[in-house]
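Asker: What follows is the file data.txt, containing compact mmCIF, C-alpha atoms and all ligand atoms:
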# COMPACT_ATOMS: atom_id res chain seq x y z
CA MET A 492 25.20 -26.15 -52.95
CA SER A 493 22.04 -28.14 -53.53
CA LEU A 494 20.05 -29.98 -50.89
CA ALA A 495 21.12 -33.31 -52.39
CA SER A 496 24.84 -32.51 -52.24
CA VAL A 497 24.65 -31.23 -48.64
CA ALA A 498 22.64 -34.26 -47.59
CA GLN A 499 25.15 -36.55 -49.28
CA ALA A 500 28.11 -34.83 -47.63
CA GLU A 501 26.46 -34.97 -44.22
CA ALA A 502 25.61 -38.64 -44.63
CA LYS A 503 29.28 -39.30 -45.15
CA LEU A 504 30.82 -36.85 -42.67
CA LEU A 505 28.54 -36.36 -39.65
CA LEU A 506 27.46 -38.58 -36.82
CA PRO A 507 24.00 -39.72 -37.80
CA THR A 508 22.27 -38.07 -34.82
CA TYR A 509 19.43 -36.36 -36.70
CA GLU A 510 16.66 -37.29 -39.04
CA ARG A 511 16.48 -33.99 -40.88
CA ASN A 512 13.62 -32.75 -43.02
CA PRO A 513 14.69 -32.49 -46.67
CA LEU A 514 14.98 -28.71 -46.67
CA LEU A 515 17.97 -26.44 -47.10
CA PHE A 516 17.36 -23.02 -45.62
CA GLU A 517 19.18 -19.89 -46.61
CA LYS A 518 17.55 -17.00 -44.80
CA GLY A 519 14.72 -15.85 -42.62
CA ARG A 520 12.61 -12.69 -42.27
CA GLY A 521 10.06 -12.21 -39.50
CA VAL A 522 7.96 -15.38 -39.18
CA TYR A 523 9.18 -16.76 -42.52
CA LEU A 524 12.07 -18.94 -43.65
CA PHE A 525 13.29 -19.19 -47.24
CA ASP A 526 14.86 -22.28 -48.77
CA ALA A 527 17.57 -22.47 -51.41
CA GLN A 528 14.96 -22.17 -54.20
CA GLY A 529 13.47 -19.08 -52.55
CA ARG A 530 10.34 -20.95 -51.42
CA ARG A 531 8.77 -19.35 -48.34
CA TYR A 532 7.84 -21.29 -45.19
CA LEU A 533 5.75 -20.04 -42.29
CA ASP A 534 7.65 -21.08 -39.19
CA PHE A 535 5.50 -22.37 -36.31
CA LEU A 536 8.42 -24.10 -34.59
CA SER A 537 10.94 -21.22 -34.18
CA GLY A 538 13.98 -23.49 -34.20
CA ILE A 539 12.38 -25.43 -31.31
CA GLY A 540 11.33 -22.42 -29.30
CA VAL A 541 14.55 -20.47 -29.84
CA ASN A 542 13.71 -17.76 -32.40
CA ALA A 543 11.11 -16.00 -30.28
CA LEU A 544 11.51 -12.74 -32.22
CA GLY A 545 11.46 -14.56 -35.54
CA TYR A 546 14.24 -13.98 -38.03
CA ASN A 547 16.35 -10.92 -38.67
CA HIS A 548 14.74 -8.80 -35.94
CA PRO A 549 16.30 -5.30 -36.08
CA ALA A 550 17.00 -5.17 -32.31
CA ILE A 551 18.85 -8.50 -32.43
CA ARG A 552 20.74 -7.57 -35.57
CA LYS A 553 21.81 -4.29 -33.97
CA ALA A 554 23.05 -5.98 -30.77
CA LEU A 555 24.92 -8.62 -32.80
CA VAL A 556 26.67 -6.07 -35.00
CA GLU A 557 27.52 -3.56 -32.30
CA GLN A 558 28.81 -6.07 -29.76
CA SER A 559 30.75 -8.11 -32.34
CA GLU A 560 32.63 -4.95 -33.25
CA ARG A 561 33.61 -4.48 -29.58
CA LEU A 562 34.20 -7.85 -27.91
CA VAL A 563 33.01 -11.40 -28.53
CA HIS A 564 34.82 -13.40 -25.83
CA ILE A 565 36.93 -12.56 -22.81
CA SER A 566 36.64 -15.70 -20.53
CA ASN A 567 35.30 -15.74 -17.01
CA LEU A 568 38.66 -14.67 -15.61
CA PHE A 569 37.77 -11.02 -16.33
CA PHE A 570 34.83 -8.67 -15.93
CA HIS A 571 32.58 -7.39 -18.69
CA ARG A 572 29.32 -5.66 -17.99
CA GLY A 573 27.01 -8.07 -19.83
CA GLN A 574 26.49 -10.74 -17.15
CA SER A 575 25.36 -8.41 -14.38
CA ASP A 576 23.18 -6.35 -16.76
CA LEU A 577 21.50 -9.53 -17.96
CA ALA A 578 21.24 -10.99 -14.45
CA LYS A 579 19.52 -7.79 -13.31
CA LEU A 580 16.79 -8.25 -15.93
CA LEU A 581 16.38 -11.97 -15.26
CA THR A 582 16.22 -11.61 -11.47
CA GLU A 583 13.64 -8.81 -11.77
CA MET A 584 11.49 -10.93 -14.06
CA SER A 585 11.80 -14.13 -12.02
CA GLY A 586 11.80 -12.90 -8.42
CA LEU A 587 15.01 -14.87 -7.86
CA ASP A 588 18.26 -13.36 -6.63
CA ARG A 589 21.25 -14.61 -8.61
CA ALA A 590 22.23 -16.06 -11.97
CA PHE A 591 24.88 -18.35 -13.46
CA PHE A 592 25.39 -18.35 -17.23
CA CYS A 593 26.30 -21.31 -19.43
CA ASN A 594 25.87 -22.35 -23.07
CA SER A 595 22.82 -24.56 -23.41
CA GLY A 596 19.76 -26.00 -21.77
CA THR A 597 21.35 -29.21 -20.63
CA GLU A 598 24.26 -27.28 -19.12
CA ALA A 599 21.85 -25.07 -17.19
CA PHE A 600 20.04 -28.13 -15.89
CA GLU A 601 23.31 -29.84 -15.07
CA ALA A 602 24.28 -26.78 -13.00
CA ALA A 603 20.90 -26.93 -11.23
CA LEU A 604 21.54 -30.58 -10.24
CA LYS A 605 25.00 -29.69 -8.96
CA LEU A 606 23.61 -26.75 -6.99
CA ALA A 607 21.04 -29.02 -5.34
CA ARG A 608 23.71 -31.53 -4.32
CA ALA A 609 26.03 -28.80 -3.05
CA TYR A 610 23.18 -27.21 -1.10
CA ALA A 611 22.23 -30.55 0.48
CA ARG A 612 25.82 -31.20 1.45
CA ALA A 613 26.27 -27.75 3.00
CA LYS A 614 23.00 -28.04 4.96
CA ASN A 615 23.86 -31.48 6.34
CA SER A 616 27.42 -30.93 7.39
CA ASN A 617 26.84 -31.85 11.05
CA GLY A 618 27.11 -35.60 10.92
CA HIS A 619 24.06 -36.40 8.80
CA ARG A 620 24.51 -38.17 5.51
CA PRO A 621 23.79 -35.58 2.84
CA LYS A 622 20.65 -35.86 0.78
CA TRP A 623 21.37 -37.17 -2.69
CA ARG A 624 18.14 -38.39 -4.35
CA PHE A 625 16.37 -36.52 -7.14
CA LEU A 626 12.75 -36.82 -8.13
CA ALA A 627 11.72 -36.11 -11.72
CA LEU A 628 8.50 -36.63 -13.65
CA GLU A 629 7.40 -39.25 -16.10
CA ASN A 630 7.86 -38.00 -19.71
CA SER A 631 10.33 -35.37 -18.53
CA PHE A 632 13.04 -33.95 -20.78
CA HIS A 633 15.96 -32.13 -19.19
CA GLY A 634 18.76 -32.64 -21.72
CA ARG A 635 21.36 -35.04 -23.04
CA THR A 636 24.39 -34.78 -20.77
CA PHE A 637 24.74 -37.53 -18.17
CA GLY A 638 23.12 -35.75 -15.21
CA SER A 639 20.30 -34.19 -17.23
CA LEU A 640 19.80 -37.47 -19.06
CA ALA A 641 19.48 -39.29 -15.73
CA ALA A 642 16.54 -36.99 -14.95
CA THR A 643 15.04 -37.51 -18.43
CA SER A 644 12.58 -40.39 -18.47
CA THR A 645 12.52 -41.40 -22.15
CA LYS A 646 13.93 -44.87 -22.43
CA LYS A 647 15.40 -44.61 -25.93
CA TYR A 648 17.47 -41.59 -24.88
CA ARG A 649 18.75 -43.31 -21.73
CA GLN A 650 19.22 -46.96 -22.47
CA PRO A 651 22.18 -46.83 -24.89
CA PHE A 652 24.26 -44.97 -22.31
CA ALA A 653 23.46 -46.76 -19.05
CA PRO A 654 24.52 -46.71 -16.30
CA LEU A 655 23.53 -43.07 -15.79
CA MET A 656 23.90 -40.96 -12.65
CA PRO A 657 22.21 -42.96 -9.90
CA GLY A 658 19.62 -41.56 -7.49
CA VAL A 659 16.78 -40.37 -9.74
CA SER A 660 13.23 -41.69 -9.25
CA PHE A 661 10.38 -40.87 -11.61
CA VAL A 662 7.01 -39.75 -10.34
CA ARG A 663 3.81 -40.38 -12.30
CA PHE A 664 2.71 -37.18 -14.00
CA ASN A 665 0.36 -35.06 -11.87
CA ASP A 666 -0.04 -37.92 -9.38
CA VAL A 667 0.17 -36.37 -5.92
CA GLU A 668 -0.08 -39.73 -4.14
CA ASP A 669 2.86 -41.11 -6.11
CA LEU A 670 4.82 -37.94 -5.34
CA LYS A 671 4.14 -38.36 -1.62
CA ALA A 672 5.09 -42.03 -1.76
CA LYS A 673 8.43 -41.30 -3.44
CA PHE A 674 9.40 -38.27 -1.34
CA ASP A 675 11.59 -38.81 1.69
CA SER A 676 14.28 -36.98 3.64
CA LYS A 677 16.98 -38.24 1.22
CA VAL A 678 15.57 -36.17 -1.66
CA CYS A 679 17.72 -33.11 -2.37
CA ALA A 680 15.57 -31.80 -5.23
CA LEU A 681 12.39 -32.32 -7.19
CA CYS A 682 12.71 -31.40 -10.87
CA LEU A 683 9.81 -30.50 -13.11
CA GLU A 684 8.97 -28.66 -16.30
CA PRO A 685 5.88 -26.56 -15.41
CA VAL A 686 4.80 -27.26 -18.99
CA GLN A 687 6.47 -30.34 -20.43
CA GLY A 688 7.72 -29.74 -23.96
CA GLU A 689 9.25 -32.87 -25.48
CA GLY A 690 6.88 -34.91 -23.28
CA GLY A 691 3.94 -33.74 -25.38
CA ILE A 692 2.96 -30.23 -24.17
CA ARG A 693 1.56 -31.11 -20.77
CA ALA A 694 1.14 -28.56 -17.98
CA VAL A 695 1.50 -29.78 -14.40
CA SER A 696 -1.71 -29.31 -12.42
CA LYS A 697 -1.95 -26.59 -9.81
CA LYS A 698 -2.62 -29.24 -7.18
CA PHE A 699 0.51 -31.16 -8.13
CA PHE A 700 2.74 -28.07 -8.28
CA GLN A 701 1.46 -26.93 -4.86
CA ALA A 702 2.04 -30.38 -3.37
CA ALA A 703 5.53 -30.39 -4.88
CA ARG A 704 6.31 -27.01 -3.32
CA ALA A 705 4.96 -28.09 0.09
CA LEU A 706 6.69 -31.50 0.12
CA ALA A 707 10.02 -29.96 -0.92
CA GLN A 708 9.68 -27.47 1.93
CA GLU A 709 8.81 -30.15 4.49
CA ASN A 710 11.69 -32.40 3.44
CA GLY A 711 14.30 -29.68 3.10
CA ALA A 712 14.56 -30.35 -0.65
CA LEU A 713 14.78 -27.79 -3.46
CA LEU A 714 12.19 -27.30 -6.16
CA ILE A 715 13.79 -27.00 -9.61
CA ALA A 716 11.62 -25.57 -12.40
CA ASP A 717 13.04 -26.39 -15.83
CA GLU A 718 11.78 -23.48 -17.95
CA ILE A 719 14.21 -24.02 -20.80
CA GLN A 720 11.29 -24.38 -23.22
CA CYS A 721 8.34 -22.83 -21.37
CA GLY A 722 10.15 -19.83 -19.84
CA LEU A 723 10.92 -16.27 -20.98
CA GLY A 724 7.48 -15.32 -22.25
CA ARG A 725 6.55 -18.47 -24.16
CA THR A 726 3.43 -19.22 -22.08
CA GLY A 727 2.18 -15.63 -21.85
CA LYS A 728 4.01 -14.84 -18.62
CA TYR A 729 7.73 -14.34 -18.12
CA PHE A 730 7.89 -17.71 -16.38
CA ALA A 731 5.36 -20.53 -16.50
CA TYR A 732 5.49 -20.99 -12.71
CA GLN A 733 4.02 -17.48 -12.43
CA HIS A 734 0.70 -18.90 -13.71
CA TYR A 735 0.63 -21.01 -10.54
CA GLY A 736 1.79 -18.43 -8.01
CA ILE A 737 4.60 -20.77 -6.94
CA ALA A 738 8.17 -19.76 -6.21
CA PRO A 739 10.76 -22.40 -7.16
CA ASP A 740 14.24 -22.44 -5.59
CA ILE A 741 16.04 -22.92 -8.90
CA VAL A 742 14.95 -22.08 -12.44
CA THR A 743 16.70 -23.03 -15.66
CA VAL A 744 16.26 -21.10 -18.92
CA ALA A 745 17.91 -21.31 -22.32
CA LYS A 746 16.16 -21.78 -25.66
CA PRO A 747 15.02 -18.23 -26.56
CA LEU A 748 17.39 -16.42 -24.18
CA ALA A 749 19.94 -15.15 -26.70
CA ALA A 750 17.73 -15.23 -29.82
CA GLY A 751 19.66 -18.09 -31.43
CA LEU A 752 23.10 -17.73 -29.88
CA PRO A 753 23.86 -20.52 -27.39
CA LEU A 754 23.18 -19.23 -23.88
CA GLY A 755 21.63 -20.84 -20.83
CA ALA A 756 21.12 -19.61 -17.29
CA VAL A 757 20.37 -20.93 -13.83
CA LEU A 758 18.53 -18.56 -11.52
CA THR A 759 18.33 -19.18 -7.81
CA THR A 760 17.83 -17.74 -4.34
CA GLU A 761 20.35 -15.99 -2.16
CA ALA A 762 20.24 -18.94 0.27
CA VAL A 763 21.13 -21.52 -2.38
CA SER A 764 23.78 -19.26 -3.93
CA ARG A 765 25.65 -19.13 -0.66
CA VAL A 766 26.84 -22.75 -1.00
CA ILE A 767 28.81 -21.98 -4.17
CA HIS A 768 32.42 -20.85 -3.93
CA PRO A 769 35.00 -19.97 -6.60
CA GLY A 770 36.30 -23.07 -8.33
CA MET A 771 33.25 -25.28 -7.68
CA HIS A 772 31.64 -24.70 -11.07
CA GLY A 773 32.38 -22.77 -14.23
CA THR A 774 32.58 -22.65 -18.01
CA THR A 775 34.90 -21.22 -20.65
CA PHE A 776 32.29 -19.76 -22.99
CA GLY A 777 29.29 -19.25 -20.71
CA GLY A 778 27.96 -15.71 -20.43
CA GLY A 779 30.26 -14.22 -23.05
CA PRO A 780 29.85 -10.56 -24.06
CA LEU A 781 28.17 -11.28 -27.41
CA ALA A 782 25.60 -13.75 -26.08
CA CYS A 783 24.81 -11.48 -23.11
CA SER A 784 24.34 -8.39 -25.32
CA VAL A 785 21.95 -10.23 -27.58
CA ALA A 786 20.04 -11.66 -24.60
CA ILE A 787 19.68 -8.17 -23.12
CA ALA A 788 18.37 -6.94 -26.49
CA PHE A 789 15.89 -9.85 -26.54
CA LEU A 790 14.54 -9.17 -23.02
CA GLU A 791 14.37 -5.41 -23.61
CA THR A 792 12.43 -6.05 -26.83
CA LEU A 793 9.94 -8.24 -24.94
CA GLU A 794 9.28 -5.30 -22.60
CA ARG A 795 9.34 -2.52 -25.17
CA GLU A 796 7.00 -4.28 -27.59
CA ASN A 797 4.74 -5.68 -24.87
CA LEU A 798 5.30 -9.10 -26.39
CA VAL A 799 4.45 -11.26 -23.39
CA ARG A 800 0.91 -9.90 -23.41
CA HIS A 801 0.79 -10.44 -27.17
CA VAL A 802 1.85 -14.07 -26.62
CA ALA A 803 -1.00 -14.54 -24.12
CA GLU A 804 -3.52 -13.08 -26.59
CA MET A 805 -2.28 -14.95 -29.66
CA GLY A 806 -1.94 -18.14 -27.60
CA ALA A 807 -5.54 -17.94 -26.39
CA TYR A 808 -6.72 -17.28 -29.95
CA CYS A 809 -4.71 -20.16 -31.42
CA LYS A 810 -5.85 -22.57 -28.71
CA ASP A 811 -9.51 -21.63 -29.31
CA GLU A 812 -9.05 -22.26 -33.02
CA LEU A 813 -7.45 -25.64 -32.33
CA LEU A 814 -10.34 -26.53 -30.00
CA THR A 815 -12.79 -25.60 -32.76
CA LEU A 816 -10.89 -27.91 -35.12
CA GLN A 817 -11.15 -30.65 -32.52
CA GLU A 818 -14.95 -30.44 -32.71
CA ARG A 819 -14.76 -31.21 -36.41
CA HIS A 820 -11.98 -33.81 -36.37
CA ALA A 821 -12.43 -36.87 -34.18
CA CYS A 822 -8.74 -37.75 -34.67
CA ILE A 823 -7.77 -34.81 -32.40
CA VAL A 824 -7.77 -36.42 -28.97
CA GLU A 825 -6.77 -33.37 -26.95
CA VAL A 826 -5.62 -29.77 -27.33
CA ARG A 827 -3.18 -28.66 -24.63
CA GLY A 828 -0.80 -25.91 -23.62
CA LEU A 829 -0.38 -22.35 -22.46
CA GLY A 830 0.35 -19.22 -24.45
CA LEU A 831 2.23 -20.01 -27.65
CA MET A 832 3.31 -23.43 -26.43
CA LEU A 833 0.49 -25.56 -27.80
CA GLY A 834 -0.04 -29.17 -28.70
CA ALA A 835 -2.75 -31.16 -30.45
CA GLU A 836 -2.62 -34.84 -29.66
CA LEU A 837 -3.85 -37.08 -32.49
CA ASN A 838 -5.07 -40.64 -32.19
CA SER A 839 -2.18 -42.12 -34.17
CA ALA A 840 1.55 -41.53 -34.52
CA ASP A 841 1.43 -42.25 -38.28
CA LEU A 842 -1.30 -39.69 -38.72
CA ALA A 843 0.66 -37.08 -36.74
CA LYS A 844 3.71 -37.77 -38.86
CA SER A 845 1.88 -37.48 -42.15
CA VAL A 846 -0.03 -34.35 -41.08
CA ALA A 847 3.26 -32.67 -40.13
CA ARG A 848 4.60 -33.67 -43.57
CA SER A 849 1.52 -32.32 -45.37
CA MET A 850 1.89 -29.03 -43.52
CA LEU A 851 5.51 -28.83 -44.64
CA ASN A 852 4.44 -29.48 -48.22
CA ALA A 853 2.00 -26.59 -47.81
CA GLY A 854 4.88 -24.37 -46.66
CA ILE A 855 4.21 -24.51 -42.90
CA ILE A 856 6.70 -25.76 -40.33
CA ILE A 857 5.23 -27.49 -37.29
CA ASN A 858 6.66 -30.45 -35.46
CA ARG A 859 5.59 -33.75 -34.00
CA THR A 860 6.71 -34.58 -30.50
CA HIS A 861 6.08 -37.56 -28.23
CA GLU A 862 4.96 -39.58 -31.30
CA THR A 863 1.34 -38.39 -31.49
CA VAL A 864 1.46 -34.69 -30.58
CA LEU A 865 1.55 -31.86 -33.13
CA ARG A 866 3.55 -29.11 -31.47
CA PHE A 867 3.15 -25.39 -32.17
CA LEU A 868 5.88 -23.01 -30.99
CA PRO A 869 5.51 -19.96 -33.24
CA PRO A 870 7.61 -16.84 -32.78
CA TYR A 871 6.14 -14.37 -30.26
CA ILE A 872 5.64 -11.87 -33.09
CA VAL A 873 3.07 -14.07 -34.83
CA SER A 874 -0.25 -12.46 -35.86
CA LYS A 875 -3.84 -13.71 -36.13
CA LYS A 876 -3.57 -13.80 -39.90
CA GLU A 877 -0.73 -16.32 -39.73
CA ILE A 878 -2.52 -18.39 -37.10
CA ASP A 879 -5.61 -18.48 -39.36
CA HIS A 880 -3.45 -19.65 -42.26
CA VAL A 881 -2.03 -22.51 -40.16
CA ILE A 882 -5.46 -23.54 -38.86
CA GLN A 883 -6.95 -23.57 -42.39
CA ASN A 884 -4.13 -25.75 -43.67
CA LEU A 885 -4.35 -28.04 -40.66
CA ASP A 886 -8.07 -28.40 -41.24
CA ARG A 887 -7.41 -29.33 -44.85
CA ALA A 888 -4.62 -31.78 -43.99
CA LEU A 889 -6.72 -33.52 -41.34
CA SER A 890 -9.72 -33.77 -43.69
CA GLN A 891 -7.61 -35.28 -46.47
CA LYS A 892 -5.91 -37.78 -44.17
CA GLN A 893 -9.15 -38.79 -42.55
CA GLY A 894 -10.81 -38.99 -45.92
CA LYS A 895 -8.04 -41.36 -47.01
CA ALA A 896 -8.27 -43.36 -43.78
CA VAL A 897 -12.04 -43.70 -44.19
CA THR A 898 -11.66 -44.72 -47.84
CA ALA A 899 -9.03 -47.31 -46.90
CA ALA A 900 -11.18 -48.67 -44.09
CA ARG A 901 -14.20 -48.82 -46.39
CA ALA A 902 -12.17 -50.64 -49.06
CA ARG A 903 -10.98 -53.14 -46.46
CA HIS A 904 -14.51 -53.59 -45.21
CA LEU A 905 -15.86 -54.15 -48.75
CA LYS A 906 -13.09 -56.63 -49.46
CA GLU A 907 -13.73 -58.53 -46.26
CA SER A 908 -17.47 -58.62 -46.76
CA SER A 909 -17.29 -59.68 -50.43
C1 LIG A 1001 15.48 -28.27 -24.95
C2 LIG A 1001 15.34 -28.58 -23.51
C3 LIG A 1001 16.44 -28.93 -22.73
C4 LIG A 1001 17.83 -29.13 -23.31
O1 LIG A 1001 18.33 -27.98 -23.89
P1 LIG A 1001 19.61 -28.09 -24.88
O2 LIG A 1001 19.95 -26.66 -25.16
O3 LIG A 1001 19.16 -28.85 -26.08
O4 LIG A 1001 20.68 -28.79 -24.13
C5 LIG A 1001 16.24 -29.14 -21.38
N1 LIG A 1001 15.01 -29.01 -20.83
C6 LIG A 1001 13.94 -28.66 -21.55
C7 LIG A 1001 12.62 -28.49 -20.88
C8 LIG A 1001 14.05 -28.46 -22.92
O5 LIG A 1001 12.98 -28.16 -23.65
Take the structure from the file and write it as structure tokens.
Answerer:
Amino acid sequence: MSLASVAQAEAKLLLPTYERNPLLFEKGRGVYLFDAQGRRYLDFLSGIGVNALGYNHPAIRKALVEQSERLVHISNLFFHRGQSDLAKLLTEMSGLDRAFFCNSGTEAFEAALKLARAYARAKNSNGHRPKWRFLALENSFHGRTFGSLAATSTKKYRQPFAPLMPGVSFVRFNDVEDLKAKFDSKVCALCLEPVQGEGGIRAVSKKFFQAARALAQENGALLIADEIQCGLGRTGKYFAYQHYGIAPDIVTVAKPLAAGLPLGAVLTTEAVSRVIHPGMHGTTFGGGPLACSVAIAFLETLERENLVRHVAEMGAYCKDELLTLQERHACIVEVRGLGLMLGAELNSADLAKSVARSMLNAGIIINRTHETVLRFLPPYIVSKKEIDHVIQNLDRALSQKQGKAVTAARARHLKESS
């Protein structure tokens, strides 16, 4: 099948939800993807933060093969050992007590919202009206199902589906005064991504995160950290909130958890867990034996290969290199991020789009998010050599584009002045 025939078939048969890049991939090895013609691409997006171990990692392949020979699905009506084995690893890494497994990021976040409501109801059973409000941040992204979407601020995602779940107010990013103004005793939870992903790679400030923790405590509300993109090693610690020394009440994870199989998880405290009883929440597929086995293999590989430290080192190196590029290219407005979750904001959306396209033409996959931000989410196994290659090509792409922009401006200027 050629790219053209697949694209044609999709155009006819699928809901037009995606604007895909014109590439048809066939296989991956390490940090590289190969298209149908055998052309090699260096992947600095990792399937949007999913393929943390790159492609075809032996530990993942082994877990997939061995578990698929034993048991793929059993339903949550029976025991298998995968969920508790995986929960043990996740609770040790996070400092939280219990886990619930589902199939995606939005499902994990949806479960977090439900937990917060259930907790509020249980805590206010003696005559008080239960708390029901949620606070979320400007430029947040928590997913596409109705509850998660209600906590997602982007208008174009929300508007076509209104009315959404009521009760969510948005707080200005890193604005402690606005947070204080919007907090009251009706808030059951404050939701935040410690490092916003789709919102343009923005880390919350320490001051804001601390105020959030304190205000939640004072108002009897829960603090939900959405670590679906920034969690599980991506920022150079197991969880991004660990950079801040803050303990959230609920944490959501998903993207890299099962190395490409759909798996999400909610982690929470013993106190919050106590409000959940059989029948209140559940899923058919969530936490199946295959996904759990692969997730265990992923987390064990992080430990065995000391990859979280490697992420911190490679992330610091890549960020330094991006900052050096910024000195040479005025179109780079800001370089942001932690670990291998990095963004370079450019001064124009068109420029960001065309730079991402030039990189693709040069065989490098990056992505543009929030219109103007070039996003870098390489696999954790990336090396300096590959980072250097990306930086060199980015340097070249920015020089060419700027050269063109300058030439165009000069031509306009000459035309106007003649
Ligand atoms: C990707 C993402 C989600 C949604 O995850 P899906 O698996 O696409 O449903 C939620 N929150 C954050 C922070 C994300 O990056």
Asker: Give me the residues within 9 Å of Ala840 (chain A) as a PyMOL selection string, counting all atoms listed in the file and dropping any in the same chain fewer than 6 places off.
Answerer: chain A and resi 859+861-864
Asker: Could you jot down the CA of Gly724 (chain A) to CA of Val744 (chain A) separation for me, Å, one decimal place?
Answerer: 11.0 Å
Asker: Output the neighbourhood of ligand LIG 1001 (chain A) as a count of residues only, that is, all protein and nucleic acid residues with some atom at most 9 Å from the ligand, counting only C-alpha atoms and all ligand atoms.
Answerer: 37
Asker: I want to know what sits within 12 Å of region 662-676 of chain A, based on all atoms listed in the file, with residues of the same chain fewer than 5 positions away left out; could you give that as a VMD selection string?
Answerer: chain A and resid 611 615 619 to 631 642 to 644 681 to 687 690 to 691 693 to 713
Asker: Counting only C-alpha atoms, what is within 12 Å of Met584 (chain A), bar same-chain residues fewer than 4 positions away, as number ranges by chain?
Answerer: A: 577-580, 588-589, 722-724, 728-733, 742, 758, 790-791, 793-794, 799
Asker: What's the 8 Å shell around Met850 (chain A), counting only C-alpha atoms, without same-chain residues fewer than 5 positions away, as an NGL selection string?
Answerer: :A and (855-857 or 884-885 or 888)
Asker: Could you work out an axis-aligned box for region 852-861 of chain A, taking every atom the file lists and adding 4 Å on each side, and report centre and edge lengths in Å to one decimal, as AutoDock Vina command-line options?
Answerer:
--center_x 4.4 --center_y -31.0 --center_z -38.2 --size_x 12.7 --size_y 21.2 --size_z 28.0
Asker: Restricting the calculation to only C-alpha atoms, which member of A:Glu796, A:Lys906, A:Ile551, A:Phe535 is positioned closest to Ile882 (chain A)?
Answerer: A:Phe535
Asker: Choose the residue, out of A:Gly830, A:Pro549, A:Gly806, A:Pro769, that has the smallest atom-to-atom separation from Asn567 (chain A); count only C-alpha atoms.
Answerer: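 Of A:Gly830, A:Pro549, A:Gly806, A:Pro769, the one nearest Asn567 (chain A) is A:Pro769, counting only C-alpha atoms.
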Asker: Which polymer residues have any atom within 6 Å of an atom of region 521-532 of chain A, counting all atoms listed in the file, with same-chain residues fewer than 6 positions away left out, as a PyMOL selection string?
Answerer: chain A and resi 515+545-546+854-855
Asker: Quick one: of A:His734, A:Arg765, A:Arg887, A:Arg552, who's nearest to Leu606 (chain A), counting all atoms listed in the file?
Answerer: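 Checking each of A:His734, A:Arg765, A:Arg887, A:Arg552 against Leu606 (chain A), counting all atoms listed in the file, the winner is A:Arg765.
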